[in-house]
>>> print(open('start-v6.cif').read())   # mmCIF, C-alpha atoms and all ligand atoms
data_run
loop_
_atom_site.label_atom_id
_atom_site.label_comp_id
_atom_site.auth_asym_id
_atom_site.auth_seq_id
_atom_site.Cartn_x
_atom_site.Cartn_y
_atom_site.Cartn_z
CA MET A 1 73.38 86.63 115.32
CA GLN A 2 75.81 89.48 116.04
CA THR A 3 75.06 92.85 114.47
CA VAL A 4 77.78 93.94 112.09
CA ARG A 5 78.30 97.71 111.82
CA LYS A 6 79.99 97.78 108.41
CA GLY A 7 82.64 100.50 108.27
CA LEU A 8 82.07 100.98 112.03
CA GLU A 9 79.27 103.37 111.09
CA GLY A 10 77.72 104.92 114.16
CA VAL A 11 80.07 103.06 116.54
CA VAL A 12 81.62 105.12 119.35
CA VAL A 13 84.95 103.42 120.05
CA ASP A 14 86.50 105.69 122.68
CA GLU A 15 86.46 109.12 124.27
CA THR A 16 88.59 112.04 123.10
CA LYS A 17 89.24 115.57 124.33
CA ILE A 18 91.03 116.70 121.17
CA SER A 19 88.26 117.66 118.73
CA GLN A 20 84.53 117.45 118.28
CA ILE A 21 82.42 117.29 115.14
CA ILE A 22 78.85 118.56 115.51
CA PRO A 23 77.08 117.49 112.32
CA GLU A 24 73.81 119.23 113.25
CA THR A 25 75.52 122.63 113.07
CA SER A 26 78.21 121.56 110.57
CA SER A 27 80.89 122.58 113.04
CA LEU A 28 84.29 121.33 114.10
CA LEU A 29 85.90 122.30 117.39
CA TYR A 30 89.56 121.90 118.35
CA ARG A 31 89.77 121.63 122.15
CA GLY A 32 86.47 123.49 122.32
CA TYR A 33 87.29 126.31 119.87
CA PRO A 34 85.45 126.42 116.52
CA VAL A 35 88.03 125.88 113.82
CA THR A 36 86.47 128.72 111.82
CA GLU A 37 87.43 131.05 114.69
CA LEU A 38 91.01 129.77 114.83
CA VAL A 39 91.69 130.18 111.10
CA GLY A 40 93.03 133.65 110.39
CA ARG A 41 93.38 134.48 114.10
CA LEU A 42 96.04 131.91 115.05
CA SER A 43 99.05 130.47 113.25
CA PHE A 44 99.31 126.78 112.45
CA GLU A 45 102.02 126.44 115.15
CA GLU A 46 99.67 127.93 117.77
CA VAL A 47 96.98 125.47 116.76
CA VAL A 48 99.44 122.57 117.04
CA TYR A 49 100.32 123.67 120.58
CA LEU A 50 96.59 123.81 121.39
CA LEU A 51 96.05 120.29 120.03
CA TRP A 52 98.97 118.79 121.91
CA TYR A 53 98.72 120.60 125.24
CA GLY A 54 94.96 121.15 125.47
CA ASP A 55 95.13 124.94 125.87
CA LEU A 56 96.59 127.92 124.06
CA ALA A 57 100.14 128.73 125.10
CA ASN A 58 101.19 131.92 126.83
CA PRO A 59 103.50 133.98 124.55
CA GLY A 60 106.68 132.69 126.23
CA ASP A 61 105.74 129.01 125.94
CA GLN A 62 104.62 129.49 122.35
CA LYS A 63 107.93 131.11 121.44
CA GLU A 64 109.84 128.26 123.08
CA PHE A 65 107.69 125.69 121.26
CA GLU A 66 108.32 127.30 117.88
CA LYS A 67 112.04 127.63 118.60
CA LYS A 68 112.19 123.90 119.25
CA GLU A 69 110.27 123.04 116.08
CA ARG A 70 112.59 125.20 113.99
CA LYS A 71 115.64 123.55 115.56
CA LYS A 72 114.30 120.11 114.73
CA ARG A 73 113.91 120.77 111.00
CA PRO A 74 116.37 118.24 109.63
CA TYR A 75 119.49 119.19 107.83
CA LEU A 76 119.48 117.50 104.43
CA ASP A 77 122.58 115.38 104.90
CA GLN A 78 123.94 113.00 102.30
CA ASN A 79 122.10 109.97 103.73
CA VAL A 80 118.73 111.68 103.51
CA LEU A 81 119.45 113.08 100.06
CA THR A 82 120.57 109.69 98.72
CA PHE A 83 117.46 108.12 100.20
CA LEU A 84 115.17 110.73 98.61
CA GLN A 85 117.07 110.65 95.34
CA SER A 86 116.56 106.89 95.09
CA MET A 87 112.78 107.47 95.32
CA LYS A 88 112.56 110.63 93.26
CA ASP A 89 110.24 109.07 90.69
CA SER A 90 107.96 107.41 93.23
CA HIS A 91 104.61 108.81 94.27
CA PRO A 92 105.34 111.44 96.94
CA MET A 93 103.04 109.67 99.41
CA ASP A 94 105.05 106.47 99.05
CA THR A 95 108.27 108.38 99.50
CA LEU A 96 106.93 110.22 102.53
CA ARG A 97 105.62 107.03 104.15
CA THR A 98 109.00 105.38 103.64
CA ILE A 99 111.16 108.24 104.83
CA MET A 100 109.03 108.90 107.91
CA SER A 101 109.54 105.26 108.83
CA TYR A 102 113.29 105.64 108.19
CA TRP A 103 113.34 108.84 110.24
CA GLY A 104 111.67 107.04 113.13
CA ALA A 105 114.16 104.20 112.97
CA ILE A 106 117.26 106.33 113.44
CA GLY A 107 118.55 108.45 116.23
CA TYR A 108 116.02 107.73 118.95
CA PRO A 109 116.32 105.10 121.67
CA TRP A 110 113.14 103.57 123.05
CA ASP A 111 111.66 105.74 125.80
CA ASP A 112 107.98 105.93 126.51
CA SER A 113 107.59 109.00 128.72
CA ARG A 114 105.09 111.74 127.83
CA GLU A 115 108.00 114.23 127.44
CA GLU A 116 109.65 111.90 124.97
CA ARG A 117 106.43 111.52 123.00
CA LEU A 118 106.13 115.33 122.77
CA GLU A 119 109.76 115.55 121.60
CA LYS A 120 109.14 112.88 118.99
CA SER A 121 105.95 114.58 117.83
CA LEU A 122 107.88 117.80 117.25
CA ARG A 123 110.59 115.88 115.47
CA PHE A 124 108.10 114.38 112.99
CA LEU A 125 106.19 117.65 112.60
CA ALA A 126 109.43 119.46 111.76
CA ALA A 127 110.77 116.75 109.45
CA ALA A 128 107.76 115.96 107.23
CA PRO A 129 107.71 119.34 105.37
CA VAL A 130 111.44 119.19 104.74
CA PHE A 131 111.12 115.74 103.17
CA VAL A 132 108.06 116.65 101.10
CA ALA A 133 109.69 119.82 99.74
CA ALA A 134 113.02 118.13 98.99
CA HIS A 135 111.28 115.29 97.16
CA PHE A 136 109.20 117.78 95.15
CA ARG A 137 112.36 119.51 93.99
CA LEU A 138 114.28 116.32 93.22
CA LYS A 139 111.32 115.01 91.24
CA ASN A 140 111.39 118.20 89.19
CA ARG A 141 115.18 117.93 88.74
CA LEU A 142 115.82 120.89 91.02
CA LYS A 143 118.26 121.22 93.90
CA PRO A 144 116.61 120.85 97.32
CA ILE A 145 116.57 123.92 99.53
CA PRO A 146 117.50 123.51 103.20
CA PRO A 147 115.05 124.66 105.89
CA ASN A 148 115.31 128.19 107.21
CA PRO A 149 114.99 128.43 111.02
CA LYS A 150 114.08 132.11 110.75
CA MET A 151 110.81 131.32 108.99
CA SER A 152 107.43 130.12 110.23
CA PHE A 153 106.23 126.59 109.42
CA SER A 154 104.29 127.64 106.30
CA GLU A 155 106.69 130.29 105.04
CA ASN A 156 109.59 127.88 105.37
CA PHE A 157 107.73 125.09 103.60
CA LEU A 158 106.70 127.24 100.64
CA THR A 159 110.22 128.63 100.33
CA MET A 160 111.73 125.13 100.39
CA CYS A 161 109.37 124.20 97.55
CA PHE A 162 109.50 127.26 95.32
CA GLU A 163 112.82 128.90 96.30
CA GLU A 164 111.18 132.30 96.19
CA THR A 165 108.98 133.05 99.18
CA PRO A 166 105.42 133.76 97.99
CA SER A 167 103.57 136.90 99.08
CA ALA A 168 102.48 137.19 102.71
CA GLU A 169 98.90 136.66 101.57
CA VAL A 170 99.68 133.35 99.87
CA VAL A 171 101.66 132.20 102.92
CA GLN A 172 98.65 133.00 105.07
CA LEU A 173 96.27 131.17 102.76
CA PHE A 174 98.51 128.11 102.92
CA ASP A 175 98.72 128.38 106.71
CA LYS A 176 94.92 128.43 106.87
CA THR A 177 94.76 125.17 104.91
CA MET A 178 97.21 123.65 107.40
CA ILE A 179 94.87 124.59 110.27
CA LEU A 180 91.84 123.19 108.45
CA TYR A 181 93.56 119.88 107.71
CA ALA A 182 95.14 119.48 111.18
CA GLU A 183 92.58 117.39 113.01
CA HIS A 184 89.25 115.65 112.48
CA SER A 185 88.49 113.21 115.32
CA PHE A 186 88.37 109.46 114.62
CA ASN A 187 88.78 109.50 110.83
CA ALA A 188 90.33 106.43 109.15
CA SER A 189 94.00 107.48 109.36
CA THR A 190 93.72 108.75 112.94
CA PHE A 191 91.95 105.58 113.96
CA ALA A 192 94.70 103.56 112.25
CA ALA A 193 97.28 105.49 114.27
CA ARG A 194 95.34 104.83 117.48
CA VAL A 195 95.00 101.11 116.73
CA ILE A 196 98.74 100.80 116.18
CA SER A 197 99.51 102.87 119.29
CA SER A 198 97.13 100.77 121.35
CA THR A 199 99.49 97.83 120.94
CA THR A 200 102.12 100.12 122.55
CA ALA A 201 104.11 100.13 119.32
CA ASP A 202 106.28 103.21 118.72
CA MET A 203 105.17 106.53 117.22
CA ALA A 204 106.89 106.02 113.89
CA SER A 205 104.93 102.81 113.34
CA ALA A 206 101.67 104.59 114.12
CA LEU A 207 102.48 107.55 111.87
CA THR A 208 103.61 105.33 109.03
CA GLY A 209 100.35 103.38 109.26
CA ALA A 210 98.38 106.63 109.34
CA ILE A 211 100.11 107.92 106.21
CA GLY A 212 99.24 104.65 104.45
CA ALA A 213 95.59 105.03 105.46
CA LEU A 214 95.44 108.66 104.36
CA LYS A 215 96.70 107.83 100.88
CA GLY A 216 93.46 106.13 99.82
CA PRO A 217 91.15 108.15 97.53
CA LEU A 218 88.20 107.61 99.87
CA HIS A 219 90.20 109.54 102.50
CA GLY A 220 93.04 112.07 101.97
CA GLY A 221 93.89 110.86 98.46
CA ALA A 222 90.65 112.51 97.32
CA ASN A 223 92.29 115.95 97.00
CA GLU A 224 94.53 114.63 94.20
CA ARG A 225 91.63 112.86 92.48
CA VAL A 226 89.58 116.05 92.59
CA MET A 227 92.17 117.92 90.55
CA HIS A 228 92.62 115.09 88.05
CA MET A 229 88.85 115.12 87.62
CA MET A 230 88.67 118.91 87.19
CA LYS A 231 91.44 118.74 84.60
CA LYS A 232 89.52 116.09 82.68
CA VAL A 233 86.39 118.25 82.82
CA ASP A 234 88.52 121.23 81.79
CA SER A 235 85.75 123.72 81.12
CA PRO A 236 82.77 125.01 83.13
CA ARG A 237 80.55 124.19 80.15
CA ALA A 238 81.42 120.48 80.46
CA ALA A 239 81.05 120.18 84.24
CA GLU A 240 77.34 119.40 84.58
CA LYS A 241 77.37 116.79 81.83
CA TRP A 242 80.46 115.18 83.36
CA ILE A 243 78.79 114.81 86.76
CA LEU A 244 75.58 113.45 85.28
CA LYS A 245 77.52 110.84 83.34
CA ALA A 246 79.53 109.81 86.42
CA LEU A 247 76.34 109.43 88.45
CA LYS A 248 74.67 107.46 85.67
CA ASN A 249 77.64 105.08 85.73
CA ARG A 250 77.30 104.88 89.53
CA GLU A 251 80.78 106.31 90.02
CA LYS A 252 81.86 108.06 93.20
CA VAL A 253 82.56 111.72 92.48
CA MET A 254 85.70 112.68 94.34
CA GLY A 255 85.50 115.54 96.81
CA PHE A 256 81.85 114.86 97.63
CA GLY A 257 80.20 113.07 100.51
CA HIS A 258 81.16 112.41 104.09
CA ARG A 259 80.34 109.75 106.66
CA ILE A 260 79.43 112.31 109.31
CA TYR A 261 78.42 115.57 107.62
CA LYS A 262 75.25 115.43 105.60
CA GLU A 263 74.46 119.16 105.24
CA GLN A 264 77.91 120.74 105.06
CA ASP A 265 81.52 119.83 105.87
CA SER A 266 82.55 122.37 108.54
CA ARG A 267 85.85 123.05 106.80
CA VAL A 268 84.46 123.75 103.33
CA PRO A 269 83.37 127.41 103.63
CA VAL A 270 86.85 128.58 104.73
CA MET A 271 88.72 126.32 102.30
CA TYR A 272 86.40 127.55 99.52
CA GLU A 273 87.04 131.17 100.47
CA CYS A 274 90.80 130.52 100.34
CA ALA A 275 90.47 128.90 96.92
CA GLN A 276 88.42 131.84 95.62
CA ARG A 277 91.05 134.25 96.95
CA MET A 278 93.79 132.26 95.22
CA ALA A 279 91.77 132.29 91.98
CA HIS A 280 91.60 136.07 92.29
CA ILE A 281 95.36 136.36 92.92
CA GLU A 282 96.11 134.09 89.97
CA GLN A 283 93.39 135.71 87.85
CA ASN A 284 92.15 132.27 86.97
CA LYS A 285 88.42 131.72 87.45
CA LYS A 286 88.14 128.45 85.56
CA TRP A 287 88.59 125.90 88.35
CA MET A 288 86.22 127.62 90.76
CA GLU A 289 83.60 127.98 88.04
CA ILE A 290 83.87 124.23 87.47
CA TYR A 291 83.62 123.77 91.24
CA ASP A 292 80.41 125.79 91.49
CA ILE A 293 78.69 123.86 88.72
CA MET A 294 79.78 120.52 90.16
CA GLU A 295 78.50 121.48 93.59
CA LYS A 296 75.15 122.66 92.23
CA THR A 297 74.70 119.52 90.16
CA MET A 298 75.60 117.14 92.99
CA ARG A 299 73.23 118.88 95.39
CA ARG A 300 70.40 118.84 92.85
CA GLU A 301 70.91 115.25 91.73
CA LYS A 302 71.96 113.47 94.95
CA ASN A 303 71.79 116.05 97.73
CA ILE A 304 75.44 115.28 98.50
CA CYS A 305 77.66 118.14 99.67
CA PRO A 306 81.34 118.85 98.92
CA ASN A 307 83.95 117.81 101.47
CA VAL A 308 87.14 119.70 102.30
CA ASP A 309 89.08 118.07 99.46
CA LEU A 310 86.95 119.67 96.74
CA PRO A 311 88.19 123.24 97.31
CA ALA A 312 91.64 122.04 98.48
CA GLY A 313 92.40 120.45 95.09
CA PRO A 314 92.12 123.58 92.91
CA LEU A 315 93.57 125.75 95.69
CA TYR A 316 96.81 123.77 95.87
CA TYR A 317 96.93 123.53 92.08
CA MET A 318 96.72 127.30 91.73
CA MET A 319 99.48 127.63 94.35
CA GLY A 320 101.77 125.76 91.97
CA PHE A 321 102.05 122.32 93.56
CA ASP A 322 102.20 119.14 91.51
CA ILE A 323 98.95 117.19 91.86
CA ASP A 324 100.62 114.12 93.33
CA MET A 325 101.84 116.30 96.18
CA PHE A 326 98.40 117.31 97.47
CA THR A 327 97.98 114.40 99.88
CA PRO A 328 101.50 114.90 101.30
CA LEU A 329 100.44 118.51 101.99
CA PHE A 330 97.57 117.04 103.99
CA VAL A 331 100.09 114.86 105.84
CA ILE A 332 102.41 117.68 106.93
CA SER A 333 99.43 119.25 108.68
CA ARG A 334 97.68 116.09 109.94
CA VAL A 335 100.87 114.84 111.64
CA SER A 336 99.78 117.28 114.37
CA GLY A 337 96.38 115.63 114.85
CA TRP A 338 97.82 112.12 114.62
CA CYS A 339 100.43 112.88 117.28
CA ALA A 340 97.76 114.38 119.58
CA HIS A 341 95.74 111.16 119.24
CA ILE A 342 98.73 108.87 119.68
CA MET A 343 99.56 110.68 122.92
CA GLU A 344 95.95 110.60 124.11
CA GLN A 345 95.67 106.89 123.31
CA ARG A 346 98.83 106.13 125.25
CA ASP A 347 97.78 108.26 128.23
CA ASN A 348 94.77 106.00 128.77
CA ASN A 349 95.44 102.88 126.78
CA ARG A 350 93.60 99.67 126.19
CA ILE A 351 94.43 97.51 123.19
CA ILE A 352 91.88 97.98 120.39
CA ARG A 353 90.59 94.56 119.50
CA PRO A 354 87.06 94.32 118.07
CA LEU A 355 85.10 91.21 117.12
CA SER A 356 84.09 89.81 113.77
CA ALA A 357 81.11 87.75 112.69
CA TYR A 358 82.41 84.56 111.06
CA THR A 359 80.68 83.69 107.76
CA GLY A 360 83.14 81.11 106.37
CA VAL A 361 82.71 77.36 105.95
CA GLU A 362 81.34 75.51 108.92
CA SER A 363 83.67 73.67 111.23
CA ARG A 364 85.28 70.67 109.43
CA SER A 365 88.13 68.23 109.89
CA LEU A 366 90.98 66.73 107.90
CA ASN A 367 89.90 63.26 109.04
N1 LIG B 401 79.69 110.43 94.64
C1 LIG B 401 78.56 109.78 94.32
N2 LIG B 401 77.80 109.16 95.23
C2 LIG B 401 78.18 109.21 96.51
C3 LIG B 401 79.35 109.87 96.92
C4 LIG B 401 80.12 110.50 95.91
N3 LIG B 401 81.24 111.13 96.24
N4 LIG B 401 79.49 109.75 98.24
C5 LIG B 401 78.46 109.03 98.66
N5 LIG B 401 77.66 108.71 97.63
C6 LIG B 401 76.43 107.92 97.68
C7 LIG B 401 76.75 106.43 97.63
O1 LIG B 401 76.83 105.95 96.32
C8 LIG B 401 75.63 105.86 98.43
O2 LIG B 401 74.50 105.85 97.62
P1 LIG B 401 73.48 104.60 97.64
O3 LIG B 401 72.94 104.56 99.04
O4 LIG B 401 72.48 104.95 96.60
O5 LIG B 401 74.30 103.40 97.32
C9 LIG B 401 75.39 106.91 99.52
O6 LIG B 401 75.82 108.14 98.95
C10 LIG B 401 76.17 106.64 100.79
O7 LIG B 401 77.56 106.55 100.48
P2 LIG B 401 78.61 105.62 101.19
O8 LIG B 401 79.75 105.37 100.27
O9 LIG B 401 77.93 104.42 101.76
O10 LIG B 401 79.06 106.56 102.38
P3 LIG B 401 80.28 106.32 103.36
O11 LIG B 401 79.95 107.05 104.59
O12 LIG B 401 80.58 104.87 103.50
O13 LIG B 401 81.50 106.98 102.60
C11 LIG B 401 82.90 108.64 101.67
C12 LIG B 401 81.91 108.30 102.80
C13 LIG B 401 83.54 109.99 102.00
C14 LIG B 401 83.99 107.58 101.62
C15 LIG B 401 82.14 108.72 100.34
O14 LIG B 401 81.21 109.79 100.37
C16 LIG B 401 83.08 108.87 99.15
O15 LIG B 401 83.55 107.86 98.63
N6 LIG B 401 83.37 110.12 98.70
C17 LIG B 401 84.31 110.35 97.62
C18 LIG B 401 85.74 110.32 98.14
C19 LIG B 401 86.10 111.54 98.95
O16 LIG B 401 85.87 112.67 98.53
N7 LIG B 401 86.71 111.31 100.11
C20 LIG B 401 87.16 112.36 100.99
C21 LIG B 401 86.40 112.33 102.26
S1 LIG B 401 86.78 113.73 103.29
#
>>> encode(input="start-v6.cif", output="structure tokens")
Amino acid sequence: MQTVRKGLEGVVVDETKISQIIPETSSLLYRGYPVTELVGRLSFEEVVYLLWYGDLANPGDQKEFEKKERKKRPYLDQNVLTFLQSMKDSHPMDTLRTIMSYWGAIGYPWDDSREERLEKSLRFLAAAPVFVAAHFRLKNRLKPIPPNPKMSFSENFLTMCFEETPSAEVVQLFDKTMILYAEHSFNASTFAARVISSTTADMASALTGAIGALKGPLHGGANERVMHMMKKVDSPRAAEKWILKALKNREKVMGFGHRIYKEQDSRVPVMYECAQRMAHIEQNKKWMEIYDIMEKTMRREKNICPNVDLPAGPLYYMMGFDIDMFTPLFVISRVSGWCAHIMEQRDNNRIIRPLSAYTGVESRSLN
């Protein structure tokens, strides 16, 4: 009898040089650097360069890289606007998945060189925030704002969403969340991207599949569910009772648990710090008070720790985003990690094709 490793738990499917999770020390390293060291010291764009090229850029190369990204931010022409307008009432993840597929289907002939893959990666990295921001505005019956090539990735994105550029501190907090969400080894969406790439299908197919995988509440969709849950709880006084009831009903509490981390998700302390800072800026303590009680109760009752989506939910809410936009925010960052993995997969490819243990009816015949 073959051994089935349900959910591929504990299975090592390939090698990677992009990132490493060390559960024993609750740490995450991008190309060898602890992510906690990168946050606050580097910009998101510098981290993307690191993920894609394997090393930090010298100042000249970094400048060139950023210039290219800014140039690739798409102009919102009539075709794109009509497309987004037709989906303005759809869930932003569905819209993003669809328009990224559309974006991959136009303008680029088939070419499989490494240079072309880097160009395409930049093209998707630059386009995703423009689409997410434009959809956010259309959904709220506001006029989309075109990208500004003079602004950094995060500053530009926030300005396209809110028209007014937030304070430098808020821009930096957002940029930190982009770094924290950028990459996380062979998670479900990254693995989906690698499976699709392993067939030698194009990048847009792999990214579209990855977006679909990220949408699920057990993965990236959890950050939206966290905020819906906190809004239902609504007051710190109700938080403990709410958790106890959910556990009694054997419900999964969103924003808690992780396949790999058992003590602490490496990204939580920094994301939590950002959320606390945002609560201070907004002078709104409620959500983080709810957070603290939920965390305490989950640890006491089940010894399960928060994952990155627990602080991300209230943080993005306090920044002014609609809840259904939280997972697309995850996407605009994670495109960087997905592209790094797609390129790594293709540099040393073998089709991913596991086995299954058949448990259906025994062999039979029509005769
Ligand atoms: N709430 C309540 N119980 C949880 C839990 C949660 N969020 N996460 C795990 N558990 C419990 C399970 O019920 C199970 O208990 P049991 O052994 O008594 O049946 C045990 O912990 C193991 O959980 P399991 O679902 O098998 O772990 P997994 O590795 O397959 O799943 C997650 C990992 C992340 C999918 C899971 O923890 C989860 O669903 N979390 C909520 C969604 C979420 O926040 N996702 C974002 C991940 S970054």
>>> residues_near_ligand(input="start-v6.cif", ligand="ligand LIG 401 (chain B)", cutoff="8 Å", atoms="only C-alpha atoms and all ligand atoms", output="VMD selection string")
chain A and resid 7 9 217 to 223 226 246 to 247 250 to 260 302 304 306 to 310
>>> atom_distance(input="start-v6.cif", atom1="CA of Glu64 (chain A)", atom2="CA of Ala340 (chain A)")
18.7 Å
>>> closest_atom_pairs(input="start-v6.cif", of="region 237-283 of chain A", to="region 164-185 of chain A", cutoff="10 Å", atoms="all atoms listed in the file", output="tab-separated table")
residue	atom	partner	partner_atom	distance
A:Ser266	CA	A:Leu180	CA	9.3
A:Arg267	CA	A:Leu180	CA	6.2
A:Val268	CA	A:Leu180	CA	9.0
A:Val270	CA	A:Leu180	CA	8.2
A:Met271	CA	A:Thr177	CA	6.7
A:Glu273	CA	A:Leu173	CA	9.5
A:Cys274	CA	A:Leu173	CA	6.0
A:Ala275	CA	A:Leu173	CA	8.5
A:Arg277	CA	A:Leu173	CA	8.4
A:Met278	CA	A:Val170	CA	7.6
A:Ile281	CA	A:Val170	CA	8.7
>>> atom_distance(input="start-v6.cif", atom1="CA of Cys305 (chain A)", atom2="CA of Glu263 (chain A)")
6.5 Å
>>> atom_distance(input="start-v6.cif", atom1="CA of Val331 (chain A)", atom2="CA of His228 (chain A)")
19.3 Å
>>> closest_residue(input="start-v6.cif", among="A:Gly54, A:Asp89, A:Tyr102, A:Leu96", to="Arg141 (chain A)", atoms="only C-alpha atoms")
A:Asp89
>>> closest_residue(input="start-v6.cif", among="A:Met343, A:Ile18, A:Leu142, A:Met319", to="Glu115 (chain A)", atoms="all atoms listed in the file")
A:Met343
>>> closest_residue(input="start-v6.cif", among="A:Asp94, A:Val4, A:Arg299, A:Gln62", to="Gln264 (chain A)", atoms="only C-alpha atoms")
A:Arg299
>>> closest_residue(input="start-v6.cif", among="A:Met294, A:Leu125, A:Val195, A:Val132", to="Trp242 (chain A)", atoms="all atoms listed in the file")
A:Met294
>>> axis_aligned_box(input="start-v6.cif", around="region 331-349 of chain A", padding_each_side="3 Å", output="lines of an AutoDock Vina configuration file")
center_x = 98.6
center_y = 111.1
center_z = 117.3
size_x = 13.6
size_y = 22.4
size_z = 28.9
>>> closest_residue(input="start-v6.cif", among="A:Gln85, A:Arg5, A:Asn156, A:Asn187", to="Asn140 (chain A)", atoms="all atoms listed in the file")
A:Gln85
>>> residues_around(input="start-v6.cif", residues="Pro74 (chain A)", least_positions_apart="4", cutoff="10 Å", atoms="all atoms listed in the file", output="number ranges by chain")
A: 70, 80, 103, 123-124, 126-131, 146-147
>>> write_last_selection(input="start-v6.cif", atoms="C-alpha atoms", output="short mmCIF file (atom, residue, chain, number, x, y, z; two decimals), in the coordinates of the input")
data_model
loop_
_atom_site.label_atom_id
_atom_site.label_comp_id
_atom_site.auth_asym_id
_atom_site.auth_seq_id
_atom_site.Cartn_x
_atom_site.Cartn_y
_atom_site.Cartn_z
CA ARG A 70 112.59 125.20 113.99
CA VAL A 80 118.73 111.68 103.51
CA TRP A 103 113.34 108.84 110.24
CA ARG A 123 110.59 115.88 115.47
CA PHE A 124 108.10 114.38 112.99
CA ALA A 126 109.43 119.46 111.76
CA ALA A 127 110.77 116.75 109.45
CA ALA A 128 107.76 115.96 107.23
CA PRO A 129 107.71 119.34 105.37
CA VAL A 130 111.44 119.19 104.74
CA PHE A 131 111.12 115.74 103.17
CA PRO A 146 117.50 123.51 103.20
CA PRO A 147 115.05 124.66 105.89
#
>>> closest_residue(input="start-v6.cif", among="A:Pro311, A:Pro149, A:Gly216, A:Gly32", to="Lys17 (chain A)", atoms="all atoms listed in the file")
A:Gly32
>>> residues_around(input="start-v6.cif", residues="Gln345 (chain A)", least_positions_apart="4", cutoff="12 Å", atoms="all atoms listed in the file", output="ChimeraX atom specification")
/A:13-18,114,117,186,190-201,203,206,338-341,349-352
>>> residues_near_point(input="start-v6.cif", point="(102.3, 131.1, 124.4)", cutoff="12 Å", atoms="all atoms listed in the file", output="number ranges by chain")
A: 42-43, 45-50, 53, 55-67
